[in-house]
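For reference, data-v4.cif is printed below; it contains mmCIF, C-alpha atoms and all ligand atoms.
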```cif
data_protein
#
loop_
_atom_site.group_PDB
_atom_site.id
_atom_site.type_symbol
_atom_site.label_atom_id
_atom_site.label_comp_id
_atom_site.auth_asym_id
_atom_site.auth_seq_id
_atom_site.Cartn_x
_atom_site.Cartn_y
_atom_site.Cartn_z
ATOM 1 C CA MET K 1 -9.392 8.542 36.257
ATOM 2 C CA ASN K 2 -6.919 6.704 34.086
ATOM 3 C CA ALA K 3 -4.088 5.959 36.451
ATOM 4 C CA PRO K 4 -1.133 4.751 34.369
ATOM 5 C CA MET K 5 -0.681 0.995 34.475
ATOM 6 C CA PRO K 6 2.382 -0.078 36.482
ATOM 7 C CA SER K 7 5.181 -0.579 34.000
ATOM 8 C CA ARG K 8 5.432 -4.329 34.687
ATOM 9 C CA THR K 9 1.761 -4.767 33.829
ATOM 10 C CA ARG K 10 2.196 -2.655 30.714
ATOM 11 C CA ARG K 11 5.176 -4.731 29.631
ATOM 12 C CA ALA K 12 3.227 -7.928 30.229
ATOM 13 C CA ALA K 13 0.310 -6.544 28.204
ATOM 14 C CA ALA K 14 2.651 -5.619 25.402
ATOM 15 C CA ALA K 15 4.251 -9.059 25.439
ATOM 16 C CA LEU K 16 0.812 -10.633 25.256
ATOM 17 C CA ALA K 17 -0.182 -8.405 22.357
ATOM 18 C CA LEU K 18 2.999 -9.290 20.514
ATOM 19 C CA ALA K 19 2.445 -12.990 21.119
ATOM 20 C CA ALA K 20 -1.085 -12.637 19.730
ATOM 21 C CA LEU K 21 0.224 -10.934 16.612
ATOM 22 C CA ALA K 22 2.942 -13.558 16.155
ATOM 23 C CA LEU K 23 0.287 -16.282 16.356
ATOM 24 C CA LEU K 24 -1.775 -14.427 13.792
ATOM 25 C CA ALA K 25 1.225 -14.079 11.488
ATOM 26 C CA ALA K 26 1.980 -17.790 11.826
ATOM 27 C CA ALA K 27 -1.617 -18.659 10.990
ATOM 28 C CA CYS K 28 -1.486 -16.430 7.910
ATOM 29 C CA GLY K 29 1.695 -18.004 6.669
ATOM 30 C CA LYS K 30 0.699 -21.624 7.056
ATOM 31 C CA GLU K 31 -0.458 -23.349 3.914
ATOM 32 C CA GLY K 32 -4.031 -24.524 3.970
ATOM 33 C CA SER K 33 -4.988 -22.049 6.687
ATOM 34 C CA PRO K 34 -5.897 -18.752 5.089
ATOM 35 C CA PRO K 35 -5.577 -15.607 7.224
ATOM 36 C CA VAL K 36 -8.669 -14.554 9.166
ATOM 37 C CA LYS K 37 -10.859 -12.833 6.582
ATOM 38 C CA GLY K 38 -7.879 -12.942 4.203
ATOM 39 C CA PRO K 39 -7.976 -12.648 0.412
ATOM 40 C CA LYS K 40 -9.721 -15.699 -0.989
ATOM 41 C CA PRO K 41 -7.902 -16.946 -4.095
ATOM 42 C CA ASP K 42 -11.037 -18.578 -5.534
ATOM 43 C CA GLN K 43 -12.868 -15.242 -5.436
ATOM 44 C CA LEU K 44 -10.186 -13.360 -7.321
ATOM 45 C CA PRO K 45 -10.839 -12.517 -10.953
ATOM 46 C CA VAL K 46 -8.858 -14.217 -13.693
ATOM 47 C CA TYR K 47 -7.585 -11.531 -16.021
ATOM 48 C CA HIS K 48 -7.700 -11.940 -19.772
ATOM 49 C CA VAL K 49 -4.163 -11.827 -21.193
ATOM 50 C CA ASP K 50 -4.011 -9.607 -24.284
ATOM 51 C CA THR K 51 -1.513 -11.781 -26.165
ATOM 52 C CA GLY K 52 -1.497 -9.585 -29.273
ATOM 53 C CA PHE K 53 -0.631 -6.424 -27.344
ATOM 54 C CA ARG K 54 2.392 -4.426 -28.612
ATOM 55 C CA LEU K 55 3.958 -1.263 -27.208
ATOM 56 C CA PRO K 56 7.079 -0.615 -29.305
ATOM 57 C CA ASP K 57 7.305 3.018 -28.119
ATOM 58 C CA SER K 58 7.943 1.918 -24.538
ATOM 59 C CA ALA K 59 11.558 1.013 -23.735
ATOM 60 C CA THR K 60 10.344 -0.597 -20.500
ATOM 61 C CA TRP K 61 7.855 -2.817 -22.338
ATOM 62 C CA ARG K 62 10.410 -3.810 -25.007
ATOM 63 C CA ALA K 63 12.964 -4.817 -22.366
ATOM 64 C CA ALA K 64 10.334 -6.856 -20.487
ATOM 65 C CA LYS K 65 9.270 -8.541 -23.729
ATOM 66 C CA SER K 66 12.775 -9.695 -24.535
ATOM 67 C CA ARG K 67 13.277 -10.783 -20.913
ATOM 68 C CA GLY K 68 9.988 -12.701 -21.075
ATOM 69 C CA HIS K 69 8.353 -11.370 -17.910
ATOM 70 C CA LEU K 70 7.618 -8.225 -15.946
ATOM 71 C CA VAL K 71 9.394 -7.200 -12.754
ATOM 72 C CA VAL K 72 7.010 -5.334 -10.471
ATOM 73 C CA GLY K 73 7.783 -3.457 -7.258
ATOM 74 C CA ALA K 74 5.374 -3.906 -4.339
ATOM 75 C CA LYS K 75 4.995 -3.977 -0.563
ATOM 76 C CA GLU K 76 5.096 -7.239 1.358
ATOM 77 C CA ASP K 77 3.771 -6.359 4.815
ATOM 78 C CA GLN K 78 0.594 -4.376 4.217
ATOM 79 C CA PRO K 79 -2.499 -6.479 5.051
ATOM 80 C CA TYR K 80 -5.057 -6.764 2.215
ATOM 81 C CA LEU K 81 -2.881 -4.537 -0.022
ATOM 82 C CA GLY K 82 0.486 -6.164 -0.594
ATOM 83 C CA GLU K 83 1.444 -9.181 1.502
ATOM 84 C CA LYS K 84 4.057 -11.845 0.912
ATOM 85 C CA ASP K 85 3.394 -15.294 2.321
ATOM 86 C CA PRO K 86 6.627 -16.091 4.167
ATOM 87 C CA ALA K 87 6.204 -19.829 3.498
ATOM 88 C CA THR K 88 5.467 -19.732 -0.236
ATOM 89 C CA GLY K 89 6.835 -16.338 -1.260
ATOM 90 C CA VAL K 90 3.489 -15.622 -2.967
ATOM 91 C CA TYR K 91 2.298 -11.990 -2.966
ATOM 92 C CA SER K 92 -1.380 -11.139 -2.522
ATOM 93 C CA GLY K 93 -3.682 -8.168 -1.918
ATOM 94 C CA TYR K 94 -5.406 -5.348 -3.721
ATOM 95 C CA ASP K 95 -2.249 -3.699 -5.093
ATOM 96 C CA ILE K 96 -1.023 -7.090 -6.244
ATOM 97 C CA GLU K 97 -4.288 -7.586 -8.143
ATOM 98 C CA ILE K 98 -3.868 -4.173 -9.775
ATOM 99 C CA ALA K 99 -0.347 -5.221 -10.807
ATOM 100 C CA LYS K 100 -1.735 -8.454 -12.296
ATOM 101 C CA MET K 101 -4.478 -6.665 -14.252
ATOM 102 C CA MET K 102 -1.870 -4.347 -15.726
ATOM 103 C CA SER K 103 0.347 -7.286 -16.654
ATOM 104 C CA ALA K 104 -2.503 -9.057 -18.468
ATOM 105 C CA SER K 105 -3.274 -5.897 -20.444
ATOM 106 C CA LEU K 106 0.379 -5.484 -21.405
ATOM 107 C CA GLY K 107 0.383 -9.020 -22.825
ATOM 108 C CA PHE K 108 2.173 -10.832 -19.977
ATOM 109 C CA ASP K 109 0.555 -13.694 -18.076
ATOM 110 C CA PRO K 110 0.184 -12.398 -14.482
ATOM 111 C CA LYS K 111 1.538 -15.736 -13.208
ATOM 112 C CA THR K 112 4.926 -14.833 -14.646
ATOM 113 C CA ILE K 113 5.344 -11.530 -12.742
ATOM 114 C CA ARG K 114 8.422 -11.389 -10.512
ATOM 115 C CA PHE K 115 7.517 -9.209 -7.549
ATOM 116 C CA ARG K 116 10.213 -7.289 -5.678
ATOM 117 C CA THR K 117 9.597 -5.737 -2.292
ATOM 118 C CA ILE K 118 10.565 -2.076 -2.328
ATOM 119 C CA ALA K 119 10.107 0.141 0.754
ATOM 120 C CA SER K 120 8.508 3.588 0.521
ATOM 121 C CA ALA K 121 11.836 5.427 0.639
ATOM 122 C CA ASN K 122 13.335 3.429 -2.257
ATOM 123 C CA ARG K 123 10.585 3.556 -4.898
ATOM 124 C CA GLU K 124 11.880 6.434 -6.985
ATOM 125 C CA THR K 125 15.421 5.014 -7.091
ATOM 126 C CA ALA K 126 14.132 1.548 -8.029
ATOM 127 C CA LEU K 127 12.234 3.027 -10.978
ATOM 128 C CA GLN K 128 15.106 5.279 -11.997
ATOM 129 C CA ASN K 129 17.640 2.424 -11.901
ATOM 130 C CA GLY K 130 15.473 0.069 -13.924
ATOM 131 C CA GLN K 131 15.239 -2.442 -11.026
ATOM 132 C CA ILE K 132 11.506 -2.699 -11.685
ATOM 133 C CA ASP K 133 9.226 -2.084 -14.674
ATOM 134 C CA TYR K 134 6.442 -0.557 -12.620
ATOM 135 C CA TYR K 135 5.443 -0.179 -8.974
ATOM 136 C CA VAL K 136 2.116 -0.844 -7.294
ATOM 137 C CA GLY K 137 2.153 -0.245 -3.545
ATOM 138 C CA THR K 138 0.041 2.487 -1.895
ATOM 139 C CA TYR K 139 2.062 5.026 -3.896
ATOM 140 C CA THR K 140 0.673 8.552 -3.635
ATOM 141 C CA ILE K 141 0.789 10.651 -6.792
ATOM 142 C CA ASN K 142 2.162 14.132 -6.126
ATOM 143 C CA ASP K 143 3.997 16.874 -8.001
ATOM 144 C CA LEU K 144 7.286 16.374 -6.245
ATOM 145 C CA ARG K 145 7.388 12.683 -7.106
ATOM 146 C CA LYS K 146 6.276 13.441 -10.682
ATOM 147 C CA ARG K 147 9.639 15.118 -11.170
ATOM 148 C CA GLN K 148 11.322 11.774 -10.549
ATOM 149 C CA VAL K 149 8.896 9.148 -11.842
ATOM 150 C CA GLY K 150 5.714 8.865 -13.912
ATOM 151 C CA PHE K 151 2.306 7.882 -12.535
ATOM 152 C CA ALA K 152 -0.571 6.080 -14.219
ATOM 153 C CA GLY K 153 -3.877 6.396 -12.404
ATOM 154 C CA PRO K 154 -5.127 7.160 -9.855
ATOM 155 C CA TYR K 155 -6.818 3.798 -9.259
ATOM 156 C CA TYR K 156 -7.896 4.523 -5.662
ATOM 157 C CA ILE K 157 -7.972 7.472 -3.235
ATOM 158 C CA ALA K 158 -6.903 6.854 0.359
ATOM 159 C CA GLY K 159 -6.542 9.337 3.239
ATOM 160 C CA GLN K 160 -4.018 9.735 6.046
ATOM 161 C CA SER K 161 -5.244 8.444 9.400
ATOM 162 C CA LEU K 162 -4.021 7.408 12.849
ATOM 163 C CA LEU K 163 -3.760 3.966 14.427
ATOM 164 C CA VAL K 164 -3.627 3.738 18.228
ATOM 165 C CA ARG K 165 -3.879 1.078 20.909
ATOM 166 C CA LYS K 166 -7.446 0.134 21.739
ATOM 167 C CA ASP K 167 -7.178 1.642 25.242
ATOM 168 C CA GLU K 168 -5.716 4.969 24.057
ATOM 169 C CA LYS K 169 -7.776 7.814 25.497
ATOM 170 C CA GLY K 170 -5.853 10.913 24.453
ATOM 171 C CA ILE K 171 -5.614 10.721 20.637
ATOM 172 C CA GLU K 172 -8.588 11.294 18.357
ATOM 173 C CA GLY K 173 -6.943 13.268 15.555
ATOM 174 C CA PRO K 174 -3.652 14.862 14.488
ATOM 175 C CA GLN K 175 -4.366 17.879 16.729
ATOM 176 C CA ASP K 176 -3.821 15.594 19.755
ATOM 177 C CA LEU K 177 -0.294 14.562 18.769
ATOM 178 C CA ALA K 178 1.725 17.274 20.574
ATOM 179 C CA GLY K 179 4.398 15.542 22.647
ATOM 180 C CA LYS K 180 3.302 12.096 21.395
ATOM 181 C CA LYS K 181 5.515 9.652 19.540
ATOM 182 C CA VAL K 182 4.084 9.016 16.088
ATOM 183 C CA CYS K 183 5.566 6.378 13.819
ATOM 184 C CA SER K 184 5.505 6.324 10.021
ATOM 185 C CA ALA K 185 7.590 5.067 7.114
ATOM 186 C CA ALA K 186 10.657 6.945 5.907
ATOM 187 C CA GLY K 187 10.081 8.587 2.540
ATOM 188 C CA SER K 188 6.287 8.598 2.902
ATOM 189 C CA THR K 189 3.850 11.473 2.454
ATOM 190 C CA PRO K 190 2.215 10.881 5.895
ATOM 191 C CA LEU K 191 5.581 11.297 7.633
ATOM 192 C CA GLN K 192 6.226 14.520 5.726
ATOM 193 C CA ARG K 193 2.760 15.857 6.592
ATOM 194 C CA ILE K 194 3.238 15.206 10.328
ATOM 195 C CA GLN K 195 6.652 16.895 10.300
ATOM 196 C CA ARG K 196 5.342 19.886 8.337
ATOM 197 C CA ASP K 197 1.841 20.446 9.773
ATOM 198 C CA TYR K 198 2.154 19.019 13.304
ATOM 199 C CA PRO K 199 5.697 19.938 14.382
ATOM 200 C CA LYS K 200 4.893 19.382 18.077
ATOM 201 C CA ALA K 201 4.455 15.666 17.432
ATOM 202 C CA ILE K 202 7.550 13.505 17.917
ATOM 203 C CA ALA K 203 7.919 11.819 14.543
ATOM 204 C CA VAL K 204 9.622 8.419 14.478
ATOM 205 C CA ALA K 205 10.520 6.850 11.119
ATOM 206 C CA TYR K 206 11.164 3.224 10.193
ATOM 207 C CA ASP K 207 11.379 1.449 6.845
ATOM 208 C CA THR K 208 7.951 -0.151 7.071
ATOM 209 C CA TYR K 209 4.585 0.274 8.772
ATOM 210 C CA SER K 210 4.703 -3.238 10.235
ATOM 211 C CA ILE K 211 7.730 -2.178 12.316
ATOM 212 C CA CYS K 212 5.729 0.866 13.435
ATOM 213 C CA VAL K 213 2.830 -1.395 14.461
ATOM 214 C CA ASP K 214 5.195 -3.625 16.469
ATOM 215 C CA ASN K 215 6.418 -0.472 18.211
ATOM 216 C CA LEU K 216 2.848 0.589 18.929
ATOM 217 C CA LEU K 217 1.989 -2.791 20.459
ATOM 218 C CA SER K 218 5.128 -2.773 22.606
ATOM 219 C CA LEU K 219 4.361 0.761 23.845
ATOM 220 C CA GLN K 220 7.414 2.331 22.203
ATOM 221 C CA VAL K 221 5.241 4.805 20.263
ATOM 222 C CA ASP K 222 1.766 6.270 20.842
ATOM 223 C CA ALA K 223 0.403 6.159 17.292
ATOM 224 C CA VAL K 224 1.135 5.009 13.771
ATOM 225 C CA THR K 225 0.213 7.290 10.914
ATOM 226 C CA THR K 226 -0.248 6.483 7.249
ATOM 227 C CA ASP K 227 -3.096 5.829 4.795
ATOM 228 C CA ASP K 228 -6.407 4.573 6.199
ATOM 229 C CA THR K 229 -6.212 1.597 3.807
ATOM 230 C CA ILE K 230 -3.010 0.346 5.428
ATOM 231 C CA LEU K 231 -4.095 1.078 9.007
ATOM 232 C CA MET K 232 -7.486 -0.593 8.529
ATOM 233 C CA GLY K 233 -5.707 -3.764 7.503
ATOM 234 C CA PHE K 234 -3.578 -3.819 10.657
ATOM 235 C CA ALA K 235 -6.620 -2.953 12.812
ATOM 236 C CA ALA K 236 -8.710 -5.686 11.173
ATOM 237 C CA LYS K 237 -6.016 -8.235 11.943
ATOM 238 C CA ALA K 238 -5.686 -7.252 15.619
ATOM 239 C CA PRO K 239 -9.118 -5.821 16.531
ATOM 240 C CA ASP K 240 -8.645 -6.425 20.264
ATOM 241 C CA GLU K 241 -5.405 -4.454 20.419
ATOM 242 C CA LEU K 242 -5.716 -1.673 17.844
ATOM 243 C CA ARG K 243 -8.172 0.909 16.543
ATOM 244 C CA ILE K 244 -8.281 3.755 14.049
ATOM 245 C CA ALA K 245 -8.549 7.156 15.743
ATOM 246 C CA GLY K 246 -10.598 9.910 14.138
ATOM 247 C CA LYS K 247 -11.121 10.683 10.463
ATOM 248 C CA PRO K 248 -8.763 10.784 7.464
ATOM 249 C CA PHE K 249 -7.026 14.157 7.129
ATOM 250 C CA SER K 250 -5.505 14.082 3.620
ATOM 251 C CA LYS K 251 -6.091 12.779 0.122
ATOM 252 C CA GLU K 252 -3.677 10.126 -1.122
ATOM 253 C CA PRO K 253 -4.404 9.248 -4.769
ATOM 254 C CA TYR K 254 -2.728 5.933 -5.567
ATOM 255 C CA GLY K 255 -0.800 5.702 -8.819
ATOM 256 C CA ILE K 256 1.218 3.071 -10.612
ATOM 257 C CA GLY K 257 4.800 4.272 -10.674
ATOM 258 C CA VAL K 258 6.633 3.993 -14.013
ATOM 259 C CA PRO K 259 10.037 5.193 -15.179
ATOM 260 C CA ARG K 260 9.784 8.936 -15.814
ATOM 261 C CA GLY K 261 9.672 9.696 -19.513
ATOM 262 C CA ASP K 262 8.108 6.381 -20.512
ATOM 263 C CA ASN K 263 4.815 8.056 -21.398
ATOM 264 C CA ALA K 264 3.880 5.209 -23.754
ATOM 265 C CA LEU K 265 3.835 2.826 -20.783
ATOM 266 C CA ARG K 266 2.089 5.374 -18.557
ATOM 267 C CA PHE K 267 -0.741 5.960 -21.022
ATOM 268 C CA ALA K 268 -1.078 2.222 -21.765
ATOM 269 C CA LEU K 269 -1.519 1.644 -18.018
ATOM 270 C CA ASP K 270 -4.084 4.474 -17.850
ATOM 271 C CA ASP K 271 -6.019 2.696 -20.631
ATOM 272 C CA ALA K 272 -5.694 -0.610 -18.785
ATOM 273 C CA ILE K 273 -6.960 0.851 -15.491
ATOM 274 C CA GLU K 274 -10.028 2.247 -17.261
ATOM 275 C CA ALA K 275 -10.675 -1.026 -19.083
ATOM 276 C CA HIS K 276 -10.533 -3.102 -15.885
ATOM 277 C CA GLU K 277 -12.757 -0.631 -14.043
ATOM 278 C CA LYS K 278 -15.266 -0.907 -16.864
ATOM 279 C CA ASN K 279 -15.289 -4.707 -17.182
ATOM 280 C CA GLY K 280 -15.786 -5.275 -13.438
ATOM 281 C CA ASP K 281 -12.328 -6.668 -12.606
ATOM 282 C CA TRP K 282 -11.456 -3.659 -10.449
ATOM 283 C CA LYS K 283 -14.477 -4.050 -8.159
ATOM 284 C CA LYS K 284 -14.167 -7.833 -7.961
ATOM 285 C CA ALA K 285 -10.518 -7.514 -7.006
ATOM 286 C CA TYR K 286 -11.295 -4.839 -4.412
ATOM 287 C CA ASP K 287 -14.095 -6.900 -2.836
ATOM 288 C CA ALA K 288 -11.861 -9.969 -2.520
ATOM 289 C CA THR K 289 -8.964 -8.044 -0.936
ATOM 290 C CA LEU K 290 -9.100 -4.534 0.540
ATOM 291 C CA GLY K 291 -12.881 -4.750 0.890
ATOM 292 C CA LEU K 292 -12.309 -7.403 3.568
ATOM 293 C CA SER K 293 -10.990 -4.760 5.958
ATOM 294 C CA GLY K 294 -14.498 -3.331 6.132
ATOM 295 C CA VAL K 295 -15.073 -0.528 3.598
ATOM 296 C CA PRO K 296 -17.338 -1.205 0.582
ATOM 297 C CA ALA K 297 -15.879 -0.516 -2.871
ATOM 298 C CA PRO K 298 -16.020 3.199 -3.701
ATOM 299 C CA LYS K 299 -16.571 4.548 -7.197
ATOM 300 C CA PRO K 300 -13.133 4.455 -8.829
ATOM 301 C CA PRO K 301 -11.539 7.882 -9.352
ATOM 302 C CA ALA K 302 -11.049 9.375 -12.818
ATOM 303 C CA VAL K 303 -7.677 8.628 -14.411
ATOM 304 C CA ASP K 304 -5.454 11.718 -14.821
ATOM 305 C CA ARG K 305 -3.528 11.734 -18.115
ATOM 306 C CA TYR K 306 -1.324 14.638 -17.188
ATOM 307 C CA GLY K 307 1.163 16.154 -19.620
ATOM 308 C CA SER K 308 4.895 15.840 -18.964
ATOM 309 C CA PRO K 309 5.801 18.007 -15.943
ATOM 310 C CA SER K 310 8.705 20.403 -16.451
HETATM 311 N N1 LIG K 401 0.558 6.713 0.255
HETATM 312 C C1 LIG K 401 1.610 7.203 1.074
HETATM 313 C C2 LIG K 401 2.899 7.399 0.290
HETATM 314 O O1 LIG K 401 2.943 7.079 -0.869
HETATM 315 C C3 LIG K 401 1.850 6.332 2.276
HETATM 316 C C4 LIG K 401 1.926 4.858 2.016
HETATM 317 C C5 LIG K 401 3.302 4.375 1.633
HETATM 318 O O2 LIG K 401 4.294 4.793 2.254
HETATM 319 O O3 LIG K 401 3.369 3.538 0.738
HETATM 320 O O4 LIG K 401 3.871 7.931 0.796
#
```

Mind turning the file's structure into structure tokens?
Amino acid sequence: MNAPMPSRTRRAAAALALAALALLAAACGKEGSPPVKGPKPDQLPVYHVDTGFRLPDSATWRAAKSRGHLVVGAKEDQPYLGEKDPATGVYSGYDIEIAKMMSASLGFDPKTIRFRTIASANRETALQNGQIDYYVGTYTINDLRKRQVGFAGPYYIAGQSLLVRKDEKGIEGPQDLAGKKVCSAAGSTPLQRIQRDYPKAIAVAYDTYSICVDNLLSLQVDAVTTDDTILMGFAAKAPDELRIAGKPFSKEPYGIGVPRGDNALRFALDDAIEAHEKNGDWKKAYDATLGLSGVPAPKPPAVDRYGSPS
């Protein structure tokens, strides 16, 4: 049977795992040494900048135009989705590519985007305060959030999953979480779902999923829960320590967050998403980023041009 490891051995194992991850992080950050299976800049599409584009009905677009560049909210610690190179400050990943495509369609050279890292819990406020023009970062569209912000898209559909240590024997799905410590990000839909549908689980919340993964590796929690896209990235980067347990158990349609009420911007982004899906940019970008964590490009979902919610 699985006799528990003596705690000293467990601590040593955890320290080793952490050291491995630190090495990996260092390798990713060093210039000239791309991350293992990381996004390859030469394989990324170059997006055509629509220099004649005008959107006078959008206050967000007008302000960006007079400023001269877009300010885009993103994540910085989600492998293959939104990652910031600590050495260069450069952001990369699938969501970052989506942000760049949108910028090109709005008439701004993607090279000029200023990215700002915004955690899950702070997205609505950042959009409401005008800190960012739009947000691209594994942001699930739902009715509650639609009361606070607008969403273009969806541009991808993820599903909530579980990440566990490779040697975990007792967790194969959310039904196994009773009495287990499960980590997720504050303000996220996966955290809410665990608290609502699996109240016997011990939910632990931090600002980011990378902190949750550190806690998983150091045996502080038993599982991390969020979208499969995010978890696959962490698992792909530490395949000897981590694995995905079971199947996705929700639908998380990813939208581009915009200030609520700026429907001109929202619909322009819907048009842009469709155009880049049609001209092949979407698939090329996916293959060079998120596709590297192992799942082939799906058919993109249909854009939902919803009317203003009350
Ligand atoms: N897609 C989920 C959400 O928007 C989880 C990922 C995240 O926190 O960004 O809440």

Would you mind listing the residues within 10 Å of ligand LIG 401 (chain K), counting all atoms listed in the file, as a ChimeraX atom specification?
/K:74-75,78,118-121,123,136-142,145,157-160,184-193,207-209,225-231,251-255

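In this comparison, which uses all atoms listed in the file, the residue of K:Phe249, K:Tyr80, K:Tyr155, K:Phe53 approaching Ile273 of chain K most closely is K:Tyr155.
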
Taking the file above as input, evaluate the PyMOL selection byres (((chain K and resi 289) around 7) and not hetatm) and report the hits as number ranges by chain.
K: 39, 80, 93-94, 285-288, 290-292

Output of the above residues as an mmCIF file, in the frame of the given file, restricted to C-alpha atoms:
```
data_model
loop_
_atom_site.group_PDB
_atom_site.id
_atom_site.type_symbol
_atom_site.label_atom_id
_atom_site.label_comp_id
_atom_site.auth_asym_id
_atom_site.auth_seq_id
_atom_site.Cartn_x
_atom_site.Cartn_y
_atom_site.Cartn_z
ATOM 1 C CA PRO K 39 -7.976 -12.648 0.412
ATOM 2 C CA TYR K 80 -5.057 -6.764 2.215
ATOM 3 C CA GLY K 93 -3.682 -8.168 -1.918
ATOM 4 C CA TYR K 94 -5.406 -5.348 -3.721
ATOM 5 C CA ALA K 285 -10.518 -7.514 -7.006
ATOM 6 C CA TYR K 286 -11.295 -4.839 -4.412
ATOM 7 C CA ASP K 287 -14.095 -6.900 -2.836
ATOM 8 C CA ALA K 288 -11.861 -9.969 -2.520
ATOM 9 C CA LEU K 290 -9.100 -4.534 0.540
ATOM 10 C CA GLY K 291 -12.881 -4.750 0.890
ATOM 11 C CA LEU K 292 -12.309 -7.403 3.568
#
```

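Residue nearest Pro110 of chain K within the list K:Glu274, K:Glu168, K:Asp197, K:Asp50: K:Asp50 [criterion: smallest interatomic distance, all atoms listed in the file].
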
As number ranges by chain, please: the residues near Lys111 of chain K (cut-off 10 Å, all atoms listed in the file, same-chain neighbours under 4 positions excluded).
K: 69, 100, 103-104

Let me see the file: selected residues, C-alpha atoms, as a CSV table (one decimal), in the coordinates of the input.
```csv
chain,number,residue,atom,x,y,z
K,69,HIS,CA,8.4,-11.4,-17.9
K,100,LYS,CA,-1.7,-8.5,-12.3
K,103,SER,CA,0.3,-7.3,-16.7
K,104,ALA,CA,-2.5,-9.1,-18.5
```

Apply the PyMOL selection byres (((chain K and resi 112) around 12) and not hetatm) to the structure shown and report the selected residues as a list in words.
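Evaluating the PyMOL selection byres (((chain K and resi 112) around 12) and not hetatm) on these coordinates yields Val49, Ala64, Lys65, Arg67, Gly68, His69, Leu70, Val71, Val72, Val90, Ala99, Lys100, Ser103, Ala104, Gly107, Phe108, Asp109, Pro110, Lys111, Ile113, Arg114 and Phe115 of chain K.
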
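Counting all atoms listed in the file, segment 232-238 of chain K has the following residues at most 6 Å away, ignoring those fewer than 4 positions along the same chain: Pro79, Asp228, Leu242, Arg243 and Ser293 of chain K.
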
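Using the PyMOL selection byres (((chain K and resi 46) around 9) and not hetatm) on this structure selects K:Leu44, K:Pro45, K:Tyr47, K:His48, K:Met101, K:Asp281.
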
Residues just named, written with C-alpha atoms as a JSON list (two decimals), in the coordinates of the input:
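What ended up in out.json:
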```
[["chain", "number", "residue", "atom", "x", "y", "z"],
["K", 44, "LEU", "CA", -10.19, -13.36, -7.32],
["K", 45, "PRO", "CA", -10.84, -12.52, -10.95],
["K", 47, "TYR", "CA", -7.58, -11.53, -16.02],
["K", 48, "HIS", "CA", -7.70, -11.94, -19.77],
["K", 101, "MET", "CA", -4.48, -6.66, -14.25],
["K", 281, "ASP", "CA", -12.33, -6.67, -12.61]]
```

Using all atoms listed in the file, which residue out of K:Ala87, K:Leu81, K:Ala152, K:Cys183 lies closest to Ala302 of chain K?
K:Ala152

Set the distance at 12 Å and use all atoms listed in the file: which residues neighbour Thr125 of chain K once local chain neighbours fewer than 3 positions away are removed? I'd like the list as an NGL selection string.
:K and (73 or 118-122 or 128-132 or 134-135 or 145 or 148-149 or 187 or 257-260)

Which residue is closest to Phe151 of chain K? Choose from K:Ile202, K:Ala297, K:Cys212, K:Leu127 and count all atoms listed in the file.
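Using all atoms listed in the file, the shortest distance to Phe151 of chain K belongs to K:Leu127.
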
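The two atoms in question, atom CA of Pro154 of chain K and atom CA of Asp270 of chain K, are spaced 8.5 Å apart.
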